[in-house]
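Asks: Sharing a structure below in structure tokens format, with a few things to ask.
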Amino acid sequence: MDAWDFLTRTPGLETPTNYRLRGELGRVTRDGATHDRRQHKPTLKGDARIWFYVEGHVVYLEQVHTSHPNQTK
């Protein structure tokens, strides 16, 4: 399943490649509401990351990293 399919069908599913970020990075506040910030790795061996949060039925992409983000090292 590619990233688009995963994020549009099952963005909250916990997998080795899709999970909530830890610590302060694991929460995002927008318009007064706090959400879990999640990370999706499009490939198991790659360093690319997609940071997003879900509100209702909408997935908001926050950041797309083509290499491992320094914040999570």
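By order of appearance in the structure tokens: chains A, B, ..., then residues from 1 within every chain, and ligands from 1 in the order shown.
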Could you write out, as JSON, numbers by chain, all the residues of chain A that DSSP marks as strand (DSSP E)?
Replies: {"A": [18, 19, 20, 27, 28, 29, 30, 33, 34, 35, 36, 38, 39, 40, 49, 50, 51, 52, 53, 54, 55, 58, 59, 60, 61, 62, 63, 64, 65]}
Asks: Mind pulling up the distance from CA of Gly32 (chain A) to CA of Tyr19 (chain A)?
Replies: 23.0 Å
Asks: Excluding same-chain residues fewer than 3 positions from region 26-28 of chain A, what lies within 10 Å of it counting only C-alpha atoms, as number ranges by chain?
Replies: A: 19-23, 32-39, 51-53, 62
Asks: Would you work out the distance separating CA of His68 (chain A) from CA of Leu13 (chain A), expressed in Å to one decimal?
Replies: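 So the two atoms, CA of His68 (chain A) and CA of Leu13 (chain A), lie 21.4 Å apart.
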Asks: May I ask for the distance between CA of Trp4 (chain A) and CA of Leu25 (chain A), given in Å to one decimal place?
Replies: 22.6 Å
Asks: Give me every alpha helix (DSSP H) residue in chain A, going by DSSP on the backbone, as a list in words.
Replies: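 Filtering chain A down to alpha helix (DSSP H) leaves Ala3, Trp4, Asp5, Phe6, Leu7, Thr8 and Arg9 of chain A.
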Asks: Would you kindly return, as a list in words, each protein, DNA or RNA residue with an atom no farther than 12 Å from any atom of Pro42 (chain A), considering only C-alpha atoms and excluding same-chain residues fewer than 4 positions away?
Replies: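 Counting only the stated atoms, we get Met1, Asp2, Ala3, Trp4, Asp5, Phe6, Leu7, Thr15, Pro16, Thr17, Asn18, Gly46, Asp47, Ala48, Arg49, Ile50, Trp51, Val64, His65, Thr66 and Ser67 of chain A.
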